[in-house]
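Following: one structure in C-alpha cells, then a few remarks.
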Amino acid sequence: MNVINLSEHNSVLNQFLREIRDVNIQKDPLRFRRNIERIGEFMAMEVSKKLDYQPVEVQTPLATATVNTISDQLVLATILRAGMPLHQGFLNVFDRADNAFLSAYRRVNGKGELEIVAEYMAAPAIDGKTLIVADPMLATGMSMEVGYLALLRHGTPKHAHLCCAIATPQAIESVRKTLNDSPDVTLWCAAIDPILNEKKYIVPGLGDAGDLCYGTKIHLSDR
Ligand code: URA
C-alpha cells in the first residue's frame with residue numbers, strides 16, 4: 001500500500017488545512033465544509049495523475065484535436081456523515097463518476113471494545129473499476145476498513161484510492177495490515193498528525209469533522 005502525504009510539499013492545500021484546523025475560522029460551517037470540499041478537489045487532481053488515459057479524437061469548430069482522456073471507470077464512495085463534503089470535492093472534479101454511500105456507527109461490543117458497524121449501503125458494481133473512498137479523519141482506520149471491506153461485496157476494484165484529510169500513523173498501519181499491504185491500494189492524506197487521544201480524536205487534528213460540518217450531534221445515551 002502506497003501512502004501519499006500531500007503536505008510533504010508546500011501548496012495551496014496548506015491554506016485549506018490551516019483554515020479547517022483554526023478554532024477562529026473552523027466555526028463557520030459554510031467555510032469549513034467548503035474547505036473540506038476544496039481538499040477533495042485538490043486531492044482529486046492529484047489522484048487523476050495516477051489514472052489510466054486513452055487518446056480521444058475531438059472535433060473542434062476548426063479541426064480535430066487528440067485529447068488524452070481518463071479511461072478508468074470511477075466509483076466515488078463515502079461514509080456518512082462527515083465524508084460528504086470531501087466526497088463532493090471529488091465529484092466536482094470527477095463529475096461523471098458513479099457513487100456509493102455507506103453509513104456506519106461506533107459501538108462498544110460485549111468485550112468492552114470499540115467497533116464500527118456498517119449499516120446502510122447503496123453502491124454500484126465495483127469489479128474492475130477504480131474506487132475512491134473519501135473519509136476525512138483517519139483516526140483509528142476502523143471506519144475506512146469496515147467501509148472498504150463492505151464495498152468489496154460489490155466487486156474487486158482495479159485499484160482503490162483511500163482518501164482522507166488528516167490521518168494518524170497508527171491508523172495508516174492498521175489499514176495497511178487489514179488490507180494485507182495490497183499494492184492495489186493507495187492511501188492519500190493532506191496531513192499526518194502524531195496523536196490519537198483516549199476519546200479516539202486526532203491531536204492536534206481539528207475536532208469533530210462531522211459536527212463542524214453539520215452541527216453537534218447528541219448521543220441518545222447522554223440524554
Ligand atoms: N473523527 C473526527 O471527526 N475527528 C477526529 O479527530 C477523529 C475522528
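In the C-alpha cells, the first chain shown is A, the next is B, and so on; residue numbers restart at 1 for each chain, and ligands run from 1 in the order shown.
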
Tell me, counting only C-alpha atoms and all ligand atoms, for each residue of chain A within 8 Å of ligand 1, which pair of atoms is nearest and how far apart they are in Å to one decimal, in rows ordered by chain and increasing number, as CSV.
residue,atom,partner,partner_atom_place_in_ligand_line,distance
A:Ala82,CA,ligand 1,3 (O),7.1
A:Pro136,CA,ligand 1,3 (O),7.6
A:Met137,CA,ligand 1,1 (N),5.0
A:Leu138,CA,ligand 1,8 (C),6.6
A:Ala139,CA,ligand 1,7 (C),4.8
A:Thr140,CA,ligand 1,8 (C),7.8
A:Leu196,CA,ligand 1,6 (O),7.6
A:Lys200,CA,ligand 1,7 (C),5.8
A:Tyr201,CA,ligand 1,6 (O),3.4
A:Ile202,CA,ligand 1,6 (O),3.7
A:Val203,CA,ligand 1,6 (O),6.7
A:Gly205,CA,ligand 1,6 (O),5.5
A:Leu206,CA,ligand 1,6 (O),6.3
A:Gly207,CA,ligand 1,4 (N),5.0
A:Asp208,CA,ligand 1,3 (O),3.4
A:Ala209,CA,ligand 1,3 (O),3.7
A:Gly210,CA,ligand 1,3 (O),5.6
A:Asp211,CA,ligand 1,3 (O),7.4

What's around range 34-43 of chain A at 9 Å? Count only C-alpha atoms, leave out sequence neighbours fewer than 6 positions away in its own chain, and write the answer as a PDB file with N, CA, C and O atoms, in the first residue's frame.
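Once written, out.pdb looks like this:
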ATOM      1  N   LEU A   6       0.150  14.662   1.059  1.00  0.00           N
ATOM      2  CA  LEU A   6       0.280  15.811   0.140  1.00  0.00           C
ATOM      3  C   LEU A   6       0.920  17.030   0.792  1.00  0.00           C
ATOM      4  O   LEU A   6       1.418  17.899   0.083  1.00  0.00           O
ATOM      5  N   VAL A  12      -1.154  25.264  -2.032  1.00  0.00           N
ATOM      6  CA  VAL A  12      -2.333  25.964  -1.506  1.00  0.00           C
ATOM      7  C   VAL A  12      -3.146  25.059  -0.578  1.00  0.00           C
ATOM      8  O   VAL A  12      -3.941  25.539   0.235  1.00  0.00           O
ATOM      9  N   LEU A  13      -2.925  23.751  -0.668  1.00  0.00           N
ATOM     10  CA  LEU A  13      -3.595  22.815   0.236  1.00  0.00           C
ATOM     11  C   LEU A  13      -3.347  23.202   1.698  1.00  0.00           C
ATOM     12  O   LEU A  13      -4.235  23.051   2.553  1.00  0.00           O
ATOM     13  N   GLN A  15      -3.251  26.064   2.994  1.00  0.00           N
ATOM     14  CA  GLN A  15      -4.191  27.127   3.384  1.00  0.00           C
ATOM     15  C   GLN A  15      -5.534  26.509   3.801  1.00  0.00           C
ATOM     16  O   GLN A  15      -6.125  26.895   4.812  1.00  0.00           O
ATOM     17  N   PHE A  16      -5.996  25.517   3.031  1.00  0.00           N
ATOM     18  CA  PHE A  16      -7.273  24.861   3.369  1.00  0.00           C
ATOM     19  C   PHE A  16      -7.143  24.126   4.715  1.00  0.00           C
ATOM     20  O   PHE A  16      -8.048  24.165   5.547  1.00  0.00           O
ATOM     21  N   LEU A  17      -5.994  23.472   4.891  1.00  0.00           N
ATOM     22  CA  LEU A  17      -5.747  22.734   6.136  1.00  0.00           C
ATOM     23  C   LEU A  17      -5.684  23.682   7.324  1.00  0.00           C
ATOM     24  O   LEU A  17      -6.232  23.405   8.385  1.00  0.00           O
ATOM     25  N   GLU A  19      -7.153  26.488   7.666  1.00  0.00           N
ATOM     26  CA  GLU A  19      -8.474  27.030   7.997  1.00  0.00           C
ATOM     27  C   GLU A  19      -9.381  26.004   8.663  1.00  0.00           C
ATOM     28  O   GLU A  19     -10.183  26.364   9.526  1.00  0.00           O
ATOM     29  N   ILE A  20      -9.266  24.713   8.292  1.00  0.00           N
ATOM     30  CA  ILE A  20     -10.139  23.725   8.964  1.00  0.00           C
ATOM     31  C   ILE A  20      -9.654  23.424  10.376  1.00  0.00           C
ATOM     32  O   ILE A  20     -10.422  23.000  11.232  1.00  0.00           O
ATOM     33  N   MET A  84     -19.229  13.553   3.502  1.00  0.00           N
ATOM     34  CA  MET A  84     -19.966  14.140   2.377  1.00  0.00           C
ATOM     35  C   MET A  84     -19.260  15.308   1.680  1.00  0.00           C
ATOM     36  O   MET A  84     -19.199  15.341   0.443  1.00  0.00           O
ATOM     37  N   PRO A  85     -18.714  16.295   2.410  1.00  0.00           N
ATOM     38  CA  PRO A  85     -18.054  17.398   1.683  1.00  0.00           C
ATOM     39  C   PRO A  85     -16.785  16.958   0.947  1.00  0.00           C
ATOM     40  O   PRO A  85     -16.490  17.468  -0.142  1.00  0.00           O
ATOM     41  N   LEU A  86     -16.029  16.010   1.529  1.00  0.00           N
ATOM     42  CA  LEU A  86     -14.823  15.524   0.844  1.00  0.00           C
ATOM     43  C   LEU A  86     -15.242  14.792  -0.436  1.00  0.00           C
ATOM     44  O   LEU A  86     -14.651  14.990  -1.512  1.00  0.00           O
ATOM     45  N   HIS A  87     -16.288  13.983  -0.323  1.00  0.00           N
ATOM     46  CA  HIS A  87     -16.847  13.267  -1.481  1.00  0.00           C
ATOM     47  C   HIS A  87     -17.278  14.279  -2.560  1.00  0.00           C
ATOM     48  O   HIS A  87     -16.986  14.104  -3.748  1.00  0.00           O
ATOM     49  N   GLN A  88     -17.959  15.349  -2.136  1.00  0.00           N
ATOM     50  CA  GLN A  88     -18.440  16.353  -3.101  1.00  0.00           C
ATOM     51  C   GLN A  88     -17.270  16.997  -3.842  1.00  0.00           C
ATOM     52  O   GLN A  88     -17.364  17.281  -5.036  1.00  0.00           O
ATOM     53  N   GLY A  89     -16.150  17.212  -3.117  1.00  0.00           N
ATOM     54  CA  GLY A  89     -14.961  17.764  -3.774  1.00  0.00           C
ATOM     55  C   GLY A  89     -14.479  16.851  -4.897  1.00  0.00           C
ATOM     56  O   GLY A  89     -14.163  17.309  -5.996  1.00  0.00           O
ATOM     57  N   PHE A  90     -14.440  15.556  -4.626  1.00  0.00           N
ATOM     58  CA  PHE A  90     -14.041  14.589  -5.673  1.00  0.00           C
ATOM     59  C   PHE A  90     -15.049  14.600  -6.824  1.00  0.00           C
ATOM     60  O   PHE A  90     -14.676  14.565  -7.993  1.00  0.00           O
ATOM     61  N   LEU A  91     -16.345  14.688  -6.470  1.00  0.00           N
ATOM     62  CA  LEU A  91     -17.380  14.641  -7.511  1.00  0.00           C
ATOM     63  C   LEU A  91     -17.352  15.911  -8.376  1.00  0.00           C
ATOM     64  O   LEU A  91     -17.676  15.862  -9.563  1.00  0.00           O
ATOM     65  N   ASN A  92     -16.937  17.035  -7.782  1.00  0.00           N
ATOM     66  CA  ASN A  92     -16.812  18.273  -8.572  1.00  0.00           C
ATOM     67  C   ASN A  92     -15.791  18.085  -9.698  1.00  0.00           C
ATOM     68  O   ASN A  92     -15.915  18.682 -10.761  1.00  0.00           O
ATOM     69  N   VAL A  93     -14.758  17.265  -9.409  1.00  0.00           N
ATOM     70  CA  VAL A  93     -13.698  17.046 -10.407  1.00  0.00           C
ATOM     71  C   VAL A  93     -14.058  15.862 -11.308  1.00  0.00           C
ATOM     72  O   VAL A  93     -14.011  15.965 -12.534  1.00  0.00           O
ATOM     73  N   ALA A 134     -13.741   8.355   0.218  1.00  0.00           N
ATOM     74  CA  ALA A 134     -13.460   9.614   0.929  1.00  0.00           C
ATOM     75  C   ALA A 134     -13.935   9.504   2.371  1.00  0.00           C
ATOM     76  O   ALA A 134     -15.121   9.279   2.629  1.00  0.00           O
ATOM     77  N   PRO A 136     -12.805  11.767   5.839  1.00  0.00           N
ATOM     78  CA  PRO A 136     -11.850  12.844   6.146  1.00  0.00           C
ATOM     79  C   PRO A 136     -10.889  12.603   7.310  1.00  0.00           C
ATOM     80  O   PRO A 136      -9.759  13.042   7.266  1.00  0.00           O
ATOM     81  N   CYS A 163      -8.923   8.059   0.618  1.00  0.00           N
ATOM     82  CA  CYS A 163      -8.565   9.480   0.697  1.00  0.00           C
ATOM     83  C   CYS A 163      -9.074  10.116   1.973  1.00  0.00           C
ATOM     84  O   CYS A 163     -10.266  10.043   2.278  1.00  0.00           O
ATOM     85  N   CYS A 164      -8.165  10.765   2.706  1.00  0.00           N
ATOM     86  CA  CYS A 164      -8.585  11.441   3.932  1.00  0.00           C
ATOM     87  C   CYS A 164      -7.884  12.784   4.045  1.00  0.00           C
ATOM     88  O   CYS A 164      -6.906  13.045   3.342  1.00  0.00           O
ATOM     89  N   ALA A 165      -8.409  13.632   4.934  1.00  0.00           N
ATOM     90  CA  ALA A 165      -7.775  14.933   5.165  1.00  0.00           C
ATOM     91  C   ALA A 165      -6.609  14.737   6.144  1.00  0.00           C
ATOM     92  O   ALA A 165      -5.473  15.090   5.852  1.00  0.00           O
ATOM     93  N   TRP A 188      -4.185   8.254   0.497  1.00  0.00           N
ATOM     94  CA  TRP A 188      -3.840   9.670   0.336  1.00  0.00           C
ATOM     95  C   TRP A 188      -4.266  10.441   1.577  1.00  0.00           C
ATOM     96  O   TRP A 188      -5.369  10.230   2.094  1.00  0.00           O
ATOM     97  N   CYS A 189      -3.428  11.367   2.020  1.00  0.00           N
ATOM     98  CA  CYS A 189      -3.869  12.268   3.085  1.00  0.00           C
ATOM     99  C   CYS A 189      -3.276  13.649   2.848  1.00  0.00           C
ATOM    100  O   CYS A 189      -2.286  13.809   2.121  1.00  0.00           O
ATOM    101  N   ALA A 190      -3.919  14.643   3.483  1.00  0.00           N
ATOM    102  CA  ALA A 190      -3.402  16.004   3.380  1.00  0.00           C
ATOM    103  C   ALA A 190      -2.417  16.282   4.514  1.00  0.00           C
ATOM    104  O   ALA A 190      -1.611  17.211   4.414  1.00  0.00           O
TER     105      ALA A 190
END

Using the chain letters and numbers from this document, which residues of range 2-197 of chain A does DSSP assign to strand (DSSP E), as an MDAnalysis selection string?
chainID A and resid 2:5 53:59 64:70 74:80 98:108 114:122 130:134 137:138 159:167 185:192 195:196

Just how far from CA of Asp127 in chain A is CA of Phe101 in chain A, in Å to one decimal?
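About the pair CA of Phe101 in chain A and CA of Asp127 in chain A: they are 16.6 Å apart.
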
Env of Ala125 in chain A: 10 Å cut, atoms = only C-alpha atoms, seq-sep filter 3 positions within chain, self excluded. Answer as an NGL selection string.
:A and (75 or 98 or 100 or 128-129 or 151-157)

Among the residues of range 9-220 of chain A, find those DSSP assigns to helix (DSSP H, G or I) from the backbone and print them as a PyMOL selection string.
chain A and resi 13-21+29-48+84-93+142-154+169-178+209-214+220

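Going from CA of Glu113 in chain A to CA of Asn197 in chain A covers 15.5 Å.
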
Between A:Lys50, A:Arg107, A:Arg31, A:His161, which one has atoms that come closest to Ser143 in chain A, using only C-alpha atoms?
A:Arg107

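Distance-wise, CA of Ile70 in chain A and CA of Val47 in chain A end up 11.4 Å apart.
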